[in-house]
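**Student:** One structure, pasted below without further comment.
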There are 2 protein chains.
Amino acid sequence: MFSHLIFVVKLIMNLSSQTTVMNFLNEIADEFPSAISLAAGQPTGQFFGRLNPGALRDILVCYERYAAGGQDLLKVRERLLQYGRTAGIITKLVAQQLSMDEGVAASSDRVLITSGCQEALALCLPTLCPDPRDVALMCNPTYIGATCAAQASGVAVFPLPNTVLDIVEGIEQSIHQLHQSGRRVRVVYLIPNFDNPTGRVLDESQRRAILATCARLRIVVLEDNPYGMFRYEGQAIQPMAALDQGGCVIYLSTFSKTLAPAVRIGAATLPETLFGDRAASRALWCALVHRKSFLTVNTSQITQAIVGGLLLEQNGSLQQWIQPALAWYRNNRDAMLSQLQAVFSSMSDRIRWNHPSGGFFISVDLPFRFDAKAVLECATDYGVIVMPMSFFAFDDSQDQRVRLAFSGVDPQQIRIGITSLAQYVTRRMGHEMSTLKRTHTH
Amino acid sequence: MFSHLIFVVKLIMNLSSQTTVMNFLNEIADEFPSAISLAAGQPTGQFFGRLNPGALRDILVCYERYAAGGQDLLKVRERLLQYGRTAGIITKLVAQQLSMDEGVAASSDRVLITSGCQEALALCLPTLCPDPRDVALMCNPTYIGATCAAQASGVAVFPLPNTVLDIVEGIEQSIHQLHQSGRRVRVVYLIPNFDNPTGRVLDESQRRAILATCARLRIVVLEDNPYGMFRYEGQAIQPMAALDQGGCVIYLSTFSKTLAPAVRIGAATLPETLFGDRAASRALWCALVHRKSFLTVNTSQITQAIVGGLLLEQNGSLQQWIQPALAWYRNNRDAMLSQLQAVFSSMSDRIRWNHPSGGFFISVDLPFRFDAKAVLECATDYGVIVMPMSFFAFDDSQDQRVRLAFSGVDPQQIRIGITSLAQYVTRRMGHEMSTLKRTHTH
């Protein structure tokens, strides 16, 4: 009981610091414009030229022709620029893309188009957790946008424990403990592919085990999959939504990474049944549509038409479209891994990092605390900005880790950035050593 | 005390019915596609052709050139398609337009660009009313999007009384009564120009008196002005934001009516000081930006660039751009008023309507209840769909009124629609008469 209270207090403290932390990072980036930022997990802009104004015109024309289907083009244009269906006008095309590219058997009447995936989070969390006793479970660390969407809508979040090795065990333990203190776990939020911030992947057996637990206890899995299409080697693991037999996965997707963030198009796809109940899934979809109508009315039909037109031009799949970015990210990841190896090999007993086979992030374990002060020192003295893992955490368990993003920079910047980080780390370690020595001498 | 409780209960009952009512109306429109709809308050699509794909390309090119300012166009394009500033990238252009077209002295650092004006409501209401005791006051009837944005974010709404003749008196009475029952009025939501749903205009002395009361009691006026630029005759009255001396008006604006709903661009403009405190206004702006980052991250920079580019092409003002629509709406209003006169002149003692000098709506007082059943009968038997005023109301005070929208139809449809409505009204009145007679005979 008490430990939960402590969690809640920590959570609140941490969340408010997390949110100011985002401002802090923006300010730092503004203040050191020449610093190399390995902090921002944004997609590369290298290939955005394909969405220049002329290309957008062609894409819109393509969508208009499709929507008209041989009928009056002017009527279609008029309808396109008007208010429209809250659930979106490209649900069919998005369902088809999810099916082709992600193996998720989506049908258009279970898709809700949102103003970016963030809106999907802001809709799902309060709708699934209407009661003050309701709880959403999240990994520790996890994506700030998820914790803050919960906070903004008054939904209680509890972190999964890092004290157990297995995530399934952690989920079951949390559910049990929370149940005993009168709380009800309603949602588990997960990024199974190339997690933000850690880069971690849940293997198929973990996914199946989580699904079995959640189906049994009627808990919704909110599966966020922004990085799934960015795998650089190895066999893809099916999304939890594709493995779901019990009707417990709401699948969140986005075009921010595959196309461009500026389209602000995401989607929530509901399961065919909610825990076996078809009408319940439909009712949930209606409740989400309903809530959306009071947040943003509907998603811009201009940017929906851009996404829809591009999907049409690409014959439904974005596999070909993302190839240049995929190659770029793979090369960046390799550059970052080899530079980490080059600069830290002599300290490999004290500094470790993972080798993600996809996504945008590598996490590095350091032998000292890396906090907001460290960010500032690093930016000021070494011209590199990195993200403390603690910014994504519910407690102090992540204090000695950083998240490095390789998506928004080029290999040259990566090499310089990692070398600069190594210089800072060396100074810090020397300082820690001498502090340690002084302490011992005293 | 009790009357407030009753209000709250009614409010909740009404709100949930209001929301299903929207579905009901959509369903009716779908079920009777050939019926003439005087229910939807959407802008005319007559002039949307000016935003065809080729025009949008030119507008985007115009914005890109402006944003580049002679520098690297490719960098600008890359930044445009990326994630970006939460408060928006066209705050300066929007501030300039508000100043030129509405007389609101906005400065760009007090503007927040939102995903449609609905998002501005969804941000402002919970931010201004964080405590469970906090209350937002609204007119009865009022715009459903405002009451539902409050409901979705857990903000209590109280209706202004219709028992007093003067709105200022009503506001003061409500504040006093609520204060006595331990509640705190934080916001008064108003549509001073051509109100949705009533078409009513607050005159300058009413605006000044409300401002004086709100400044004295530190209550924010949430001034929603979607129809201000659509005045068909007479002298414009300054927006409350322009008259505000005490720093109490947040001004909500939208491009849905001037350009097209599909751009999904609105704005909230804060006062220079909040009740005389410059830092407090800045802090409120930051809190709104903050909350927006967890709802939608930022507003689509593609549609922002469309609005921005169009403002540049139009030299900052939309006065010229809206001329064709303005003429169209004026003509429609005249058609509706003369048709109402033609069909109802013989019943002028029992049927009355207002003569709004702007906006999209006329309200009609009937001598009988016009409810959901009446909507269905009207659509089925007479092929016209109108909006019961009760759908916007907190109580039964509006049960004998309907809202007629003349914005989204043409004069021919207006004439047929009003004639059909008159046939239904005549039938109902005959029925009421005979019921009355039968009752008397018994």
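Following the order of the structure tokens, chains are lettered A, B, ..., residues in each are numbered from 1, and ligands are numbered from 1.
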Got a sec to pull out which chain A residues are within 8 Å of chain B, counting only C-alpha atoms, and send them as a ChimeraX atom specification?

**Tutor:** /A:19,42-43,45-46,48-49,52-54,56-58,60-61,74,77-83,115-119,122,145,148-149,152-153,260-264,290-291,294-297,299-303

**Student:** DSSP on the backbone, strand (DSSP E or B) only: what residues of range 37-242 of chain B does that give? Format it as number ranges by chain.

**Tutor:** B: 37, 111-115, 134-138, 156-159, 184-190, 220-224, 231

**Student:** Write out chain A, as a compact mmCIF listing (two decimals) with C-alpha atoms, in the first residue's frame, after superposing it onto chain B by least squares using every C-alpha atom paired in order.

**Tutor:**
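Below is the file result-v9.txt, written as the result:
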# COMPACT_ATOMS: atom_id res chain seq x y z
CA MET A 1 -27.74 25.50 -3.06
CA PHE A 2 -30.33 22.96 -4.14
CA SER A 3 -31.14 24.80 -7.32
CA HIS A 4 -27.48 24.46 -8.28
CA LEU A 5 -27.53 20.76 -7.68
CA ILE A 6 -30.58 20.52 -9.88
CA PHE A 7 -28.75 22.51 -12.52
CA VAL A 8 -25.80 20.16 -12.39
CA VAL A 9 -27.97 17.08 -12.72
CA LYS A 10 -29.86 18.65 -15.61
CA LEU A 11 -26.61 19.66 -17.18
CA ILE A 12 -25.22 16.16 -17.04
CA MET A 13 -28.43 14.67 -18.38
CA ASN A 14 -28.58 17.26 -21.10
CA LEU A 15 -24.95 16.96 -22.08
CA SER A 16 -25.11 13.25 -22.58
CA SER A 17 -28.25 13.68 -24.62
CA GLN A 18 -26.64 16.55 -26.52
CA THR A 19 -23.78 14.36 -27.58
CA THR A 20 -26.00 11.52 -28.78
CA VAL A 21 -28.11 14.21 -30.40
CA MET A 22 -25.22 15.07 -32.72
CA ASN A 23 -25.09 11.44 -33.79
CA PHE A 24 -28.84 11.48 -34.20
CA LEU A 25 -28.63 14.49 -36.53
CA ASN A 26 -25.81 12.93 -38.56
CA GLU A 27 -27.81 9.74 -38.88
CA ILE A 28 -30.90 11.65 -39.97
CA ALA A 29 -28.88 13.51 -42.60
CA ASP A 30 -27.48 10.16 -43.80
CA GLU A 31 -30.90 8.56 -43.80
CA PHE A 32 -32.55 11.37 -45.76
CA PRO A 33 -29.84 12.41 -48.20
CA SER A 34 -32.34 14.24 -50.41
CA ALA A 35 -33.76 16.28 -47.52
CA ILE A 36 -32.78 19.95 -47.37
CA SER A 37 -30.69 20.53 -44.27
CA LEU A 38 -31.12 23.84 -42.48
CA ALA A 39 -29.48 22.16 -39.48
CA ALA A 40 -25.76 22.23 -40.27
CA GLY A 41 -24.01 25.53 -39.53
CA GLN A 42 -21.18 24.87 -41.93
CA PRO A 43 -19.66 27.46 -44.28
CA THR A 44 -20.65 27.37 -47.92
CA GLY A 45 -18.43 25.25 -50.15
CA GLN A 46 -19.25 27.47 -53.18
CA PHE A 47 -15.84 29.12 -53.12
CA PHE A 48 -13.64 26.24 -51.93
CA GLY A 49 -12.50 25.79 -55.54
CA ARG A 50 -10.04 28.60 -54.85
CA LEU A 51 -8.19 26.07 -52.66
CA ASN A 52 -7.76 23.43 -55.37
CA PRO A 53 -4.53 21.37 -55.39
CA GLY A 54 -2.78 23.73 -57.83
CA ALA A 55 -3.69 26.77 -55.75
CA LEU A 56 -2.49 25.02 -52.60
CA ARG A 57 0.85 24.36 -54.27
CA ASP A 58 1.21 28.07 -55.11
CA ILE A 59 0.21 29.07 -51.57
CA LEU A 60 2.76 26.65 -50.09
CA VAL A 61 5.48 28.00 -52.40
CA CYS A 62 4.57 31.52 -51.29
CA TYR A 63 4.88 30.54 -47.61
CA GLU A 64 8.19 28.71 -48.17
CA ARG A 65 9.71 31.79 -49.86
CA TYR A 66 8.56 33.99 -46.99
CA ALA A 67 9.92 31.59 -44.36
CA ALA A 68 13.24 31.29 -46.20
CA GLY A 69 13.67 35.06 -46.51
CA GLY A 70 16.25 34.64 -49.23
CA GLN A 71 18.01 31.79 -47.39
CA ASP A 72 18.07 28.08 -48.22
CA LEU A 73 14.62 26.97 -49.44
CA LEU A 74 15.40 23.28 -48.94
CA LYS A 75 16.23 23.83 -45.26
CA VAL A 76 12.91 25.64 -44.83
CA ARG A 77 11.03 22.78 -46.49
CA GLU A 78 12.80 20.25 -44.29
CA ARG A 79 11.91 22.21 -41.15
CA LEU A 80 8.33 22.67 -42.35
CA LEU A 81 7.73 18.92 -42.68
CA GLN A 82 9.44 18.12 -39.35
CA TYR A 83 8.06 18.33 -35.80
CA GLY A 84 7.98 21.98 -34.78
CA ARG A 85 7.11 24.69 -32.32
CA THR A 86 4.08 23.67 -30.22
CA ALA A 87 2.66 27.22 -30.23
CA GLY A 88 2.76 27.28 -34.02
CA ILE A 89 4.86 28.79 -36.80
CA ILE A 90 2.36 31.38 -38.13
CA THR A 91 1.66 33.25 -34.88
CA LYS A 92 3.02 36.50 -36.38
CA LEU A 93 0.85 36.31 -39.49
CA VAL A 94 -2.21 35.38 -37.45
CA ALA A 95 -1.58 38.22 -34.98
CA GLN A 96 -1.34 40.62 -37.93
CA GLN A 97 -4.61 39.35 -39.43
CA LEU A 98 -6.43 39.64 -36.09
CA SER A 99 -5.19 43.19 -35.80
CA MET A 100 -6.15 44.16 -39.37
CA ASP A 101 -9.46 42.32 -39.65
CA GLU A 102 -10.82 42.22 -36.11
CA GLY A 103 -9.16 45.19 -34.45
CA VAL A 104 -7.63 42.90 -31.82
CA ALA A 105 -4.14 44.16 -30.90
CA ALA A 106 -2.58 40.69 -30.82
CA SER A 107 1.16 40.17 -30.56
CA SER A 108 2.69 36.94 -31.79
CA ASP A 109 4.09 35.87 -28.41
CA ARG A 110 0.56 35.73 -26.98
CA VAL A 111 -0.92 33.65 -29.81
CA LEU A 112 -1.27 29.86 -29.68
CA ILE A 113 -2.15 28.11 -32.95
CA THR A 114 -4.51 25.17 -32.37
CA SER A 115 -5.85 22.20 -34.33
CA GLY A 116 -9.11 24.03 -34.98
CA CYS A 117 -10.75 26.33 -32.47
CA GLN A 118 -12.25 23.28 -30.74
CA GLU A 119 -8.79 22.39 -29.46
CA ALA A 120 -8.45 25.93 -28.07
CA LEU A 121 -11.62 25.29 -26.04
CA ALA A 122 -10.34 21.88 -24.93
CA LEU A 123 -7.12 23.56 -23.75
CA CYS A 124 -8.49 26.72 -22.14
CA LEU A 125 -11.36 25.28 -20.11
CA PRO A 126 -9.44 22.74 -17.98
CA THR A 127 -6.40 25.05 -17.70
CA LEU A 128 -8.54 27.91 -16.39
CA CYS A 129 -10.66 25.65 -14.17
CA PRO A 130 -8.21 23.25 -12.50
CA ASP A 131 -10.10 22.90 -9.21
CA PRO A 132 -13.31 20.85 -8.79
CA ARG A 133 -14.94 23.96 -7.34
CA ASP A 134 -14.14 25.98 -10.46
CA VAL A 135 -16.99 26.81 -12.79
CA ALA A 136 -17.41 28.04 -16.36
CA LEU A 137 -20.51 30.13 -17.08
CA MET A 138 -22.17 29.77 -20.46
CA CYS A 139 -25.27 31.16 -22.14
CA ASN A 140 -28.38 29.00 -22.31
CA PRO A 141 -28.55 27.91 -25.10
CA THR A 142 -24.94 27.85 -26.28
CA TYR A 143 -22.57 26.13 -28.71
CA ILE A 144 -22.47 22.38 -28.00
CA GLY A 145 -18.73 22.17 -28.66
CA ALA A 146 -18.08 24.43 -25.67
CA THR A 147 -20.25 22.53 -23.19
CA CYS A 148 -18.89 19.20 -24.39
CA ALA A 149 -15.25 20.34 -24.28
CA ALA A 150 -15.90 21.24 -20.65
CA GLN A 151 -17.62 17.93 -19.95
CA ALA A 152 -14.84 15.88 -21.57
CA SER A 153 -12.25 17.55 -19.37
CA GLY A 154 -14.31 17.41 -16.18
CA VAL A 155 -15.03 21.15 -15.95
CA ALA A 156 -18.35 22.13 -14.34
CA VAL A 157 -20.55 24.39 -16.46
CA PHE A 158 -23.41 26.54 -15.19
CA PRO A 159 -25.90 28.21 -17.49
CA LEU A 160 -26.57 31.94 -17.26
CA PRO A 161 -30.16 32.56 -16.18
CA ASN A 162 -32.70 33.59 -18.79
CA THR A 163 -34.97 34.90 -16.02
CA VAL A 164 -33.23 38.28 -15.96
CA LEU A 165 -33.38 40.52 -19.02
CA ASP A 166 -29.82 41.74 -18.91
CA ILE A 167 -26.84 39.43 -19.48
CA VAL A 168 -24.61 41.46 -17.14
CA GLU A 169 -27.16 41.11 -14.37
CA GLY A 170 -27.33 37.37 -15.13
CA ILE A 171 -23.57 37.01 -14.89
CA GLU A 172 -23.39 38.91 -11.59
CA GLN A 173 -26.30 36.94 -10.14
CA SER A 174 -24.68 33.63 -11.11
CA ILE A 175 -21.31 34.60 -9.69
CA HIS A 176 -22.94 35.63 -6.42
CA GLN A 177 -25.04 32.48 -6.10
CA LEU A 178 -22.19 30.18 -7.00
CA HIS A 179 -19.84 31.94 -4.62
CA GLN A 180 -22.34 31.39 -1.81
CA SER A 181 -22.37 27.67 -2.53
CA GLY A 182 -18.57 27.47 -2.42
CA ARG A 183 -17.97 27.46 -6.15
CA ARG A 184 -15.63 29.84 -7.99
CA VAL A 185 -16.53 31.23 -11.40
CA ARG A 186 -13.34 31.27 -13.45
CA VAL A 187 -14.60 31.71 -17.00
CA VAL A 188 -17.50 33.20 -18.89
CA TYR A 189 -17.76 31.73 -22.38
CA LEU A 190 -19.40 34.09 -24.89
CA ILE A 191 -20.00 34.41 -28.64
CA PRO A 192 -20.70 38.17 -28.71
CA ASN A 193 -21.11 38.40 -32.51
CA PHE A 194 -24.01 36.54 -34.14
CA ASP A 195 -24.15 33.89 -31.46
CA ASN A 196 -24.39 30.19 -32.26
CA PRO A 197 -27.19 29.08 -31.90
CA THR A 198 -29.29 32.24 -31.38
CA GLY A 199 -27.78 34.82 -33.79
CA ARG A 200 -27.81 37.40 -31.00
CA VAL A 201 -25.27 40.26 -30.79
CA LEU A 202 -24.05 41.86 -27.56
CA ASP A 203 -23.97 45.64 -27.94
CA GLU A 204 -20.95 47.69 -26.92
CA SER A 205 -22.37 48.77 -23.58
CA GLN A 206 -23.13 45.16 -22.64
CA ARG A 207 -19.59 44.16 -23.64
CA ARG A 208 -18.07 46.96 -21.57
CA ALA A 209 -20.24 46.15 -18.56
CA ILE A 210 -19.32 42.44 -18.70
CA LEU A 211 -15.63 43.37 -18.99
CA ALA A 212 -15.86 45.67 -15.98
CA THR A 213 -17.47 42.92 -13.87
CA CYS A 214 -14.99 40.27 -15.01
CA ALA A 215 -11.94 42.50 -14.48
CA ARG A 216 -13.16 43.39 -10.99
CA LEU A 217 -13.80 39.75 -10.02
CA ARG A 218 -10.82 38.31 -11.95
CA ILE A 219 -12.91 36.15 -14.25
CA VAL A 220 -11.64 35.29 -17.74
CA VAL A 221 -13.89 36.00 -20.71
CA LEU A 222 -13.46 33.31 -23.34
CA GLU A 223 -14.55 35.27 -26.40
CA ASP A 224 -15.35 33.03 -29.35
CA ASN A 225 -15.65 34.99 -32.59
CA PRO A 226 -16.09 32.68 -35.59
CA TYR A 227 -18.73 34.88 -37.27
CA GLY A 228 -17.42 38.40 -36.56
CA MET A 229 -16.24 39.00 -40.14
CA PHE A 230 -19.63 37.98 -41.52
CA ARG A 231 -21.64 41.16 -40.93
CA TYR A 232 -24.16 41.99 -43.64
CA GLU A 233 -25.02 45.56 -42.65
CA GLY A 234 -24.53 48.14 -39.93
CA GLN A 235 -21.49 49.20 -37.98
CA ALA A 236 -19.20 46.48 -36.57
CA ILE A 237 -18.94 46.39 -32.79
CA GLN A 238 -15.42 45.95 -31.47
CA PRO A 239 -14.59 42.50 -30.09
CA MET A 240 -14.41 42.32 -26.31
CA ALA A 241 -10.67 41.61 -26.68
CA ALA A 242 -10.31 45.03 -28.35
CA LEU A 243 -12.32 46.76 -25.59
CA ASP A 244 -10.55 44.89 -22.78
CA GLN A 245 -8.66 47.22 -20.43
CA GLY A 246 -8.42 44.84 -17.47
CA GLY A 247 -6.61 41.93 -19.13
CA CYS A 248 -9.41 39.42 -18.92
CA VAL A 249 -10.19 38.33 -22.48
CA ILE A 250 -8.82 35.23 -24.22
CA TYR A 251 -9.80 35.63 -27.84
CA LEU A 252 -10.65 32.48 -29.81
CA SER A 253 -10.55 32.60 -33.58
CA THR A 254 -10.77 30.17 -36.46
CA PHE A 255 -10.06 29.93 -40.19
CA SER A 256 -12.84 27.36 -40.65
CA LYS A 257 -15.37 29.97 -41.74
CA THR A 258 -13.07 32.41 -43.58
CA LEU A 259 -10.97 29.82 -45.45
CA ALA A 260 -12.19 26.24 -45.01
CA PRO A 261 -12.84 23.86 -42.11
CA ALA A 262 -10.36 21.33 -43.52
CA VAL A 263 -7.34 23.49 -42.64
CA ARG A 264 -8.22 22.81 -38.96
CA ILE A 265 -6.48 25.97 -37.83
CA GLY A 266 -7.71 28.03 -34.91
CA ALA A 267 -5.98 30.27 -32.41
CA ALA A 268 -6.20 31.42 -28.81
CA THR A 269 -4.85 34.93 -28.22
CA LEU A 270 -4.07 35.91 -24.66
CA PRO A 271 -4.35 39.42 -23.19
CA GLU A 272 -1.17 41.49 -22.73
CA THR A 273 -1.60 41.16 -18.97
CA LEU A 274 -3.79 38.79 -17.01
CA PHE A 275 -5.75 41.12 -14.72
CA GLY A 276 -2.85 43.56 -14.90
CA ASP A 277 -0.11 40.97 -14.44
CA ARG A 278 2.14 40.49 -17.47
CA ALA A 279 3.99 37.48 -16.04
CA ALA A 280 0.68 35.78 -15.20
CA SER A 281 -0.46 36.07 -18.81
CA ARG A 282 2.85 34.60 -19.97
CA ALA A 283 2.53 31.76 -17.44
CA LEU A 284 -0.98 31.00 -18.68
CA TRP A 285 0.24 30.96 -22.28
CA CYS A 286 2.99 28.51 -21.27
CA ALA A 287 0.49 26.29 -19.46
CA LEU A 288 -1.72 26.16 -22.58
CA VAL A 289 1.25 25.38 -24.84
CA HIS A 290 2.28 22.71 -22.39
CA ARG A 291 -1.14 21.06 -22.36
CA LYS A 292 -1.29 21.21 -26.15
CA SER A 293 1.96 19.29 -26.41
CA PHE A 294 0.23 16.32 -24.73
CA LEU A 295 -2.94 16.55 -26.82
CA THR A 296 -1.62 16.99 -30.38
CA VAL A 297 2.14 17.83 -30.06
CA ASN A 298 1.79 20.67 -32.55
CA THR A 299 -0.63 21.75 -35.28
CA SER A 300 0.08 20.46 -38.80
CA GLN A 301 2.75 22.72 -40.27
CA ILE A 302 1.45 21.92 -43.74
CA THR A 303 -1.97 23.43 -43.02
CA GLN A 304 -0.34 26.23 -41.02
CA ALA A 305 1.75 27.01 -44.12
CA ILE A 306 -1.44 27.00 -46.24
CA VAL A 307 -3.07 29.55 -43.93
CA GLY A 308 0.17 31.53 -43.68
CA GLY A 309 0.75 31.53 -47.44
CA LEU A 310 -2.80 32.65 -48.12
CA LEU A 311 -2.46 35.48 -45.60
CA LEU A 312 0.74 36.52 -47.37
CA GLU A 313 -0.95 36.41 -50.79
CA GLN A 314 -3.80 38.51 -49.36
CA ASN A 315 -1.42 41.08 -47.83
CA GLY A 316 -2.35 40.07 -44.32
CA SER A 317 -6.11 40.55 -44.41
CA LEU A 318 -8.96 38.21 -45.37
CA GLN A 319 -11.46 41.02 -46.07
CA GLN A 320 -11.13 40.66 -49.84
CA TRP A 321 -11.01 36.87 -49.75
CA ILE A 322 -14.33 36.53 -47.94
CA GLN A 323 -16.24 39.01 -50.16
CA PRO A 324 -17.90 36.36 -52.39
CA ALA A 325 -18.99 34.33 -49.34
CA LEU A 326 -20.17 37.45 -47.54
CA ALA A 327 -22.41 38.39 -50.49
CA TRP A 328 -23.64 34.79 -50.69
CA TYR A 329 -24.55 34.63 -47.01
CA ARG A 330 -26.24 38.06 -47.09
CA ASN A 331 -28.36 36.94 -50.01
CA ASN A 332 -29.19 33.67 -48.25
CA ARG A 333 -30.18 35.47 -45.08
CA ASP A 334 -32.43 37.80 -47.08
CA ALA A 335 -33.96 34.83 -48.88
CA MET A 336 -34.65 33.09 -45.58
CA LEU A 337 -36.12 36.19 -43.93
CA SER A 338 -38.41 36.94 -46.85
CA GLN A 339 -39.53 33.33 -47.14
CA LEU A 340 -40.23 33.21 -43.39
CA GLN A 341 -42.26 36.37 -43.85
CA ALA A 342 -44.08 34.89 -46.84
CA VAL A 343 -45.10 31.62 -45.17
CA PHE A 344 -45.62 32.72 -41.57
CA SER A 345 -47.07 36.24 -41.96
CA SER A 346 -50.58 34.97 -41.27
CA MET A 347 -49.37 33.42 -37.99
CA SER A 348 -47.19 36.34 -36.93
CA ASP A 349 -48.90 36.48 -33.55
CA ARG A 350 -47.74 32.96 -32.71
CA ILE A 351 -44.51 32.53 -34.71
CA ARG A 352 -41.61 34.96 -34.38
CA TRP A 353 -38.03 35.08 -35.54
CA ASN A 354 -35.05 37.41 -35.21
CA HIS A 355 -33.37 39.42 -38.00
CA PRO A 356 -29.62 38.94 -37.43
CA SER A 357 -27.35 41.39 -39.23
CA GLY A 358 -24.65 38.75 -39.62
CA GLY A 359 -23.57 35.19 -38.93
CA PHE A 360 -25.13 31.94 -40.09
CA PHE A 361 -28.28 31.51 -37.98
CA ILE A 362 -31.87 32.64 -37.44
CA SER A 363 -33.85 31.46 -34.43
CA VAL A 364 -37.59 30.88 -34.68
CA ASP A 365 -40.08 30.75 -31.79
CA LEU A 366 -42.87 28.24 -32.32
CA PRO A 367 -46.10 27.73 -30.41
CA PHE A 368 -45.31 24.07 -29.72
CA ARG A 369 -42.46 21.80 -28.62
CA PHE A 370 -40.01 20.97 -31.37
CA ASP A 371 -38.04 17.89 -30.30
CA ALA A 372 -36.15 14.95 -31.78
CA LYS A 373 -39.45 13.38 -32.84
CA ALA A 374 -40.32 16.58 -34.68
CA VAL A 375 -36.97 16.50 -36.50
CA LEU A 376 -37.75 13.01 -37.71
CA GLU A 377 -41.32 13.88 -38.78
CA CYS A 378 -40.11 16.98 -40.59
CA ALA A 379 -37.40 15.04 -42.43
CA THR A 380 -39.65 12.10 -43.29
CA ASP A 381 -42.83 13.87 -44.32
CA TYR A 382 -41.57 17.26 -45.54
CA GLY A 383 -37.94 16.69 -46.59
CA VAL A 384 -36.42 19.38 -44.42
CA ILE A 385 -34.07 19.02 -41.45
CA VAL A 386 -33.92 21.76 -38.80
CA MET A 387 -32.20 21.99 -35.42
CA PRO A 388 -34.25 22.06 -32.22
CA MET A 389 -32.90 24.84 -29.99
CA SER A 390 -33.32 22.46 -27.04
CA PHE A 391 -30.29 20.52 -28.32
CA PHE A 392 -28.16 23.50 -27.25
CA ALA A 393 -29.96 24.09 -23.94
CA PHE A 394 -29.39 23.25 -20.27
CA ASP A 395 -33.10 23.08 -19.45
CA ASP A 396 -36.53 23.09 -21.08
CA SER A 397 -36.58 26.84 -21.70
CA GLN A 398 -35.72 26.39 -25.40
CA ASP A 399 -38.16 23.60 -26.16
CA GLN A 400 -40.34 25.69 -28.47
CA ARG A 401 -37.56 27.12 -30.62
CA VAL A 402 -35.57 26.01 -33.65
CA ARG A 403 -32.28 27.17 -35.13
CA LEU A 404 -32.21 27.67 -38.89
CA ALA A 405 -28.82 27.82 -40.62
CA PHE A 406 -28.74 29.64 -43.97
CA SER A 407 -24.98 29.29 -44.58
CA GLY A 408 -24.64 25.89 -46.20
CA VAL A 409 -27.59 25.94 -48.63
CA ASP A 410 -28.64 28.01 -51.65
CA PRO A 411 -31.62 30.42 -51.97
CA GLN A 412 -33.72 27.87 -53.86
CA GLN A 413 -33.17 25.27 -51.11
CA ILE A 414 -33.99 27.92 -48.53
CA ARG A 415 -37.31 28.74 -50.19
CA ILE A 416 -38.29 25.08 -50.50
CA GLY A 417 -37.00 24.26 -47.01
CA ILE A 418 -38.88 27.07 -45.29
CA THR A 419 -42.06 26.30 -47.22
CA SER A 420 -41.79 22.65 -46.15
CA LEU A 421 -41.17 23.67 -42.57
CA ALA A 422 -44.27 25.90 -42.73
CA GLN A 423 -46.34 22.94 -43.93
CA TYR A 424 -45.14 20.89 -40.98
CA VAL A 425 -45.77 23.78 -38.58
CA THR A 426 -49.28 24.25 -39.96
CA ARG A 427 -50.01 20.54 -39.50
CA ARG A 428 -48.65 20.62 -35.96
CA MET A 429 -50.65 23.74 -35.12
CA GLY A 430 -53.79 22.22 -36.58
CA HIS A 431 -53.11 19.11 -34.56
CA GLU A 432 -52.45 21.12 -31.40
CA MET A 433 -55.67 23.09 -32.07
CA SER A 434 -57.73 19.95 -32.48
CA THR A 435 -56.09 18.38 -29.42
CA LEU A 436 -56.91 21.55 -27.55
CA LYS A 437 -60.49 21.42 -28.82
CA ARG A 438 -60.82 17.75 -27.86
CA THR A 439 -59.44 18.50 -24.42
CA HIS A 440 -61.94 21.31 -24.03
CA THR A 441 -64.84 19.17 -25.29
CA HIS A 442 -64.09 16.37 -22.84

**Student:** Based on DSSP run over this structure's backbone, return all residues of range 234-393 of chain B in helix (DSSP H, G or I), as a PyMOL selection string.

**Tutor:** chain B and resi 240-243+261-263+278-295+301-313+323-347+372-382+389-392
